[in-house]
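One file, target-v6.txt, is given below (compact mmCIF, C-alpha atoms).
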```txt
# COMPACT_ATOMS: atom_id res chain seq x y z
CA MET A 1 -12.82 -14.42 -2.29
CA HIS A 2 -10.30 -11.59 -2.33
CA SER A 3 -7.57 -11.99 0.24
CA PHE A 4 -4.03 -13.23 0.51
CA ALA A 5 -5.34 -16.43 2.14
CA ASP A 6 -7.39 -17.02 -1.02
CA MET A 7 -4.21 -16.75 -3.10
CA VAL A 8 -2.42 -19.21 -0.82
CA ALA A 9 -5.29 -21.67 -1.31
CA LEU A 10 -4.68 -21.51 -5.08
CA LYS A 11 -1.17 -23.00 -4.94
CA GLY A 12 -1.10 -25.88 -7.41
CA ASP A 13 -4.48 -24.94 -8.97
CA LYS A 14 -4.37 -25.26 -12.78
CA GLU A 15 -6.30 -21.95 -13.08
CA ILE A 16 -4.14 -20.05 -10.56
CA GLY A 17 -3.30 -17.19 -12.97
CA ASP A 18 -6.88 -16.42 -13.89
CA LYS A 19 -8.03 -16.72 -10.28
CA ILE A 20 -5.27 -14.41 -8.99
CA ASN A 21 -6.36 -11.88 -11.64
CA LYS A 22 -9.91 -12.10 -10.27
CA ILE A 23 -8.69 -11.58 -6.69
CA PHE A 24 -6.74 -8.47 -7.70
CA THR A 25 -9.72 -7.17 -9.67
CA LYS A 26 -11.95 -7.54 -6.61
CA LEU A 27 -9.33 -5.93 -4.33
CA ALA A 28 -8.99 -3.04 -6.78
CA GLU A 29 -12.76 -2.51 -6.93
CA THR A 30 -13.17 -2.74 -3.15
CA ASN A 31 -10.36 -0.27 -2.43
CA ASP A 32 -10.86 2.15 -5.34
CA LEU A 33 -7.58 1.05 -6.89
CA ARG A 34 -8.76 0.14 -10.40
CA GLY A 35 -5.95 0.63 -12.87
CA VAL A 36 -3.35 0.44 -10.11
CA ILE A 37 -3.13 -3.05 -8.62
CA ASP A 38 -5.12 -4.88 -11.27
CA VAL A 39 -2.97 -4.10 -14.29
CA ALA A 40 -0.63 -7.09 -14.08
CA ASP A 41 -1.82 -10.20 -15.90
CA PHE A 42 -1.06 -13.31 -13.86
CA ASN A 43 -2.42 -15.44 -16.68
CA ASP A 44 0.05 -14.19 -19.33
CA SER A 45 1.63 -17.33 -20.79
CA ASP A 46 4.23 -15.26 -22.70
CA LYS A 47 5.66 -13.99 -19.42
CA LEU A 48 4.83 -16.79 -17.00
CA GLY A 49 4.97 -19.94 -19.13
CA LYS A 50 2.26 -22.37 -20.06
CA GLY A 51 0.47 -25.09 -18.13
CA LYS A 52 2.44 -26.63 -15.30
CA GLU A 53 5.26 -24.12 -15.75
CA MET A 54 2.87 -21.22 -15.00
CA VAL A 55 1.20 -23.07 -12.13
CA ASP A 56 4.58 -23.83 -10.54
CA ARG A 57 5.92 -20.31 -11.08
CA LEU A 58 2.85 -18.62 -9.53
CA SER A 59 2.57 -21.20 -6.74
CA ASN A 60 6.22 -20.56 -5.85
CA LEU A 61 5.66 -16.79 -5.91
CA VAL A 62 2.71 -17.07 -3.54
CA ALA A 63 4.73 -19.45 -1.34
CA ILE A 64 7.51 -16.85 -0.99
CA PHE A 65 5.05 -14.37 0.52
CA ASP A 66 3.53 -17.13 2.67
CA THR A 67 6.78 -17.90 4.50
CA PRO A 68 6.97 -17.50 8.29
CA ALA A 69 10.00 -15.21 7.86
CA LEU A 70 7.74 -12.57 6.30
CA ALA A 71 5.04 -13.16 8.94
CA LEU A 72 2.26 -11.85 6.73
CA ARG A 73 -0.31 -13.61 8.91
CA ASN A 74 1.07 -13.14 12.40
CA ASN A 75 1.60 -9.71 13.95
CA ARG A 76 -0.49 -7.21 11.97
CA ALA A 77 1.39 -4.16 13.28
CA GLU A 78 4.76 -5.58 12.26
CA VAL A 79 3.42 -6.56 8.85
CA ASP A 80 1.94 -3.10 8.24
CA TYR A 81 5.26 -1.53 9.20
CA LEU A 82 7.28 -3.94 7.04
CA VAL A 83 5.06 -3.78 3.96
CA GLY A 84 4.37 -0.06 4.32
CA GLY A 85 8.07 0.68 4.71
CA ALA A 86 8.88 -1.40 1.64
CA TYR A 87 6.18 0.45 -0.30
CA GLU A 88 7.60 3.84 0.71
CA TYR A 89 11.07 2.66 -0.33
CA MET A 90 9.74 1.68 -3.77
CA ILE A 91 7.92 5.02 -4.17
CA ARG A 92 11.11 6.91 -3.34
CA HIS A 93 13.13 4.94 -5.87
CA TYR A 94 10.39 5.05 -8.49
CA ALA A 95 10.64 8.84 -8.46
CA THR A 96 14.36 8.66 -9.16
CA GLU A 97 14.03 5.99 -11.86
CA SER A 98 11.10 7.66 -13.61
CA GLY A 99 12.97 10.94 -13.92
CA LYS A 100 10.30 12.75 -11.90
CA SER A 101 11.12 14.95 -9.00
CA LYS A 102 10.43 13.13 -5.75
CA GLY A 103 8.70 16.29 -4.60
CA HIS A 104 6.15 15.78 -7.36
CA PHE A 105 4.46 13.01 -5.38
CA TYR A 106 6.72 12.05 -2.48
CA THR A 107 7.81 14.02 0.59
CA PRO A 108 10.97 12.53 2.16
CA PRO A 109 10.31 11.13 5.66
CA GLU A 110 12.80 13.48 7.30
CA VAL A 111 10.95 16.53 5.92
CA SER A 112 7.58 15.01 6.83
CA ARG A 113 8.62 14.38 10.44
CA ILE A 114 9.88 17.96 10.83
CA MET A 115 6.70 19.38 9.30
CA ALA A 116 4.54 17.24 11.61
CA LYS A 117 6.41 18.63 14.62
CA VAL A 118 6.23 22.22 13.34
CA ILE A 119 2.46 22.13 12.77
CA GLY A 120 1.97 20.65 16.24
CA VAL A 121 -0.06 17.51 15.56
CA GLY A 122 1.74 15.96 18.53
CA ASN A 123 -0.25 18.35 20.74
CA SER A 124 -3.65 17.12 19.57
CA LYS A 125 -6.32 17.11 22.28
CA SER A 126 -9.20 15.20 20.70
CA ALA A 127 -9.68 12.16 18.48
CA GLY A 128 -12.11 14.35 16.50
CA GLN A 129 -9.24 16.43 15.14
CA THR A 130 -8.16 15.75 11.57
CA ILE A 131 -5.08 16.05 9.39
CA HIS A 132 -5.49 17.46 5.87
CA ASP A 133 -3.01 17.65 2.99
CA LEU A 134 -4.37 19.47 -0.04
CA THR A 135 -1.56 18.22 -2.29
CA CYS A 136 -0.93 14.83 -0.72
CA GLY A 137 1.03 13.10 -3.48
CA SER A 138 1.68 9.55 -2.28
CA GLY A 139 0.51 10.40 1.25
CA SER A 140 3.89 10.22 2.97
CA LEU A 141 3.41 13.54 4.81
CA LEU A 142 -0.04 12.46 6.02
CA LEU A 143 1.41 9.21 7.37
CA LYS A 144 4.25 10.92 9.24
CA ALA A 145 1.84 13.47 10.71
CA HIS A 146 -0.46 10.63 11.79
CA ASP A 147 2.51 8.81 13.36
CA GLU A 148 3.57 11.97 15.22
CA ALA A 149 0.07 12.53 16.62
CA LYS A 150 -0.50 8.91 17.55
CA GLY A 151 2.99 8.45 19.01
CA ARG A 152 2.79 11.52 21.23
CA THR A 153 -0.90 11.54 22.17
CA GLY A 154 -2.22 8.07 21.40
CA LEU A 155 -4.93 9.67 19.25
CA ASP A 156 -5.76 8.07 15.90
CA LEU A 157 -6.59 11.21 13.92
CA ALA A 158 -8.53 10.95 10.65
CA LEU A 159 -6.49 11.68 7.52
CA TYR A 160 -7.74 13.59 4.48
CA GLY A 161 -5.81 14.22 1.32
CA GLN A 162 -6.47 15.31 -2.21
CA GLU A 163 -4.37 14.82 -5.29
CA MET A 164 -4.95 16.03 -8.82
CA GLU A 165 -3.30 13.12 -10.66
CA ASN A 166 -5.29 9.88 -10.49
CA ALA A 167 -2.26 7.58 -10.52
CA THR A 168 -0.65 9.48 -7.66
CA ALA A 169 -3.93 9.55 -5.71
CA ALA A 170 -4.05 5.77 -6.12
CA LEU A 171 -0.50 5.56 -4.71
CA ALA A 172 -1.69 7.53 -1.68
CA ARG A 173 -4.70 5.24 -1.13
CA MET A 174 -2.46 2.18 -1.39
CA ASN A 175 0.02 3.76 1.02
CA MET A 176 -2.79 4.37 3.55
CA ILE A 177 -4.02 0.79 3.21
CA LEU A 178 -0.53 -0.65 3.68
CA HIS A 179 -0.01 1.49 6.77
CA ASP A 180 -3.46 0.58 8.16
CA CYS A 181 -4.58 4.23 8.10
CA CYS A 182 -7.57 3.83 5.83
CA ARG A 183 -11.03 4.15 7.34
CA SER A 184 -12.82 3.94 4.01
CA SER A 185 -12.05 3.11 0.42
CA HIS A 186 -12.18 6.76 -0.73
```

So, in terms of C-alpha cells, how does the structure I just supplied come out?
Amino acid sequence: MHSFADMVALKGDKEIGDKINKIFTKLAETNDLRGVIDVADFNDSDKLGKGKEMVDRLSNLVAIFDTPALALRNNRAEVDYLVGGAYEYMIRHYATESGKSKGHFYTPPEVSRIMAKVIGVGNSKSAGQTIHDLTCGSGSLLLKAHDEAKGRTGLDLALYGQEMENATAALARMNMILHDCCRSSH
C-alpha cells in the first residue's frame, strides 16, 4: 500500500492522516527519498484540525488531485510532463525565495537545452550510451539532455548524476521520478 490510488481509497477514513503518513514513508523508503517527501505530518491536528474536520480536509485535498481535469490516472506521458513541469517551476522559484543562487542547484531550461545541443547528445548512436552530470543539482540539465537525445534519436539514454548536498540530490531523484527517467531508486 503506497500509491496515489491507496490515498484515494482513504477518503472519509477516520485514520486518513496517519495512513497517508505511512504511504509517504513507504514511498520515501522505496525511492530513497527519506527526509524529503516524508517530512510533512498529515496527522497534525494543530494544522489540519481534529476528528471530522481533519478527515474532511484531507479527503478534499486528495479529491482535488483525483479530478479528471488533472488526469493523474489517464495518460501517463501527459501526467509526467504536467507534474514534472510543475516541479521544475517550484524548484526555480524556491531558489529565488530561499535566497540561494539558482545555479547552486538548478540550471535554467534554456541553458540546459543549449548545452545538450552543444555536447551533441542528439547525435547518439546507441541506447548503451549514457549521460553524466558530475554536479547535477536538481537534475534539470540531465533531463534536458535526455529529452534532446530521445527527441532527436528516439534513444532512451541512461542518466547518471552526483550531487554533494543530500537535500539537493533528493530533489534530483524526485525530478527524475516525476519525469519518468528513473531506472532505479539510487

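Each of A:Val121, A:Gly17, A:Asn31, A:Ser59 was checked against Lys47 in chain A using all atoms listed in the file; the smallest atom-to-atom distance is that of A:Gly17.
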
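Distances to Pro109 in chain A were evaluated for A:Ala9, A:Ser138, A:Gly128, A:Gly122 using only C-alpha atoms, and the minimum falls at A:Ser138.
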
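We find CA of Leu143 in chain A and CA of Leu171 in chain A to be spaced 12.8 Å apart.
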
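Residues surrounding His2 in chain A within 12 Å are A:Phe4, A:Ala5, A:Asp6, A:Met7, A:Val8, A:Ala9, A:Leu10, A:Lys19, A:Ile20, A:Asn21, A:Lys22, A:Ile23, A:Phe24, A:Thr25, A:Lys26, A:Leu27, A:Ala28, A:Glu29, A:Thr30, A:Asn31 [only C-alpha atoms; sequence separation below 2 positions excluded].
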
Taking all atoms of range 151-154 of chain A that the file lists, what box with edges along x, y and z, padded by 3 Å per side, do you get, with centre and edge lengths in Å to one decimal, as AutoDock Vina command-line options?
```
--center_x 0.4 --center_y 9.8 --center_z 20.6 --size_x 11.2 --size_y 9.5 --size_z 9.2
```

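Distances to Asn60 in chain A were evaluated for A:Asp13, A:Val39, A:Asp44, A:Lys144 using only C-alpha atoms, and the minimum falls at A:Asp13.
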
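Relative to CA of Gly137 in chain A, CA of Arg173 in chain A is found at 10.0 Å.
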
Review point. So how far away is CA of Arg57 in chain A from CA of Asp41 in chain A, in Å?
Key: 13.6 Å

Around the point (-4.7, 14.7, 24.4), in the coordinates given by the file, pick out the residues reaching within 6 Å, counting all atoms listed in the file, and return them as a compact mmCIF listing (two decimals) with C-alpha atoms, in the coordinates of the input.
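The resulting out.txt:
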```txt
# COMPACT_ATOMS: atom_id res chain seq x y z
CA SER A 124 -3.65 17.12 19.57
CA LYS A 125 -6.32 17.11 22.28
CA SER A 126 -9.20 15.20 20.70
CA THR A 153 -0.90 11.54 22.17
```

Practice item. Place a sphere of radius 12 Å on (0.5, 15.8, 17.4) in the file coordinates and name every protein, DNA or RNA residue with an atom inside or on its surface, counting all atoms listed in the file; give the answer as a ChimeraX atom specification. Key: /A:113-127,129-131,142,144-157

Practice item. Quick one: everything within 8 Å of Asp133 in chain A, counting only C-alpha atoms, minus sequence neighbours fewer than 6 positions away in the same chain. Send it as a ChimeraX atom specification. Key: /A:141-142,160-162

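Each of A:Leu61, A:Gly139, A:Ala40, A:Lys50 was checked against Ala169 in chain A using only C-alpha atoms; the smallest atom-to-atom distance is that of A:Gly139.
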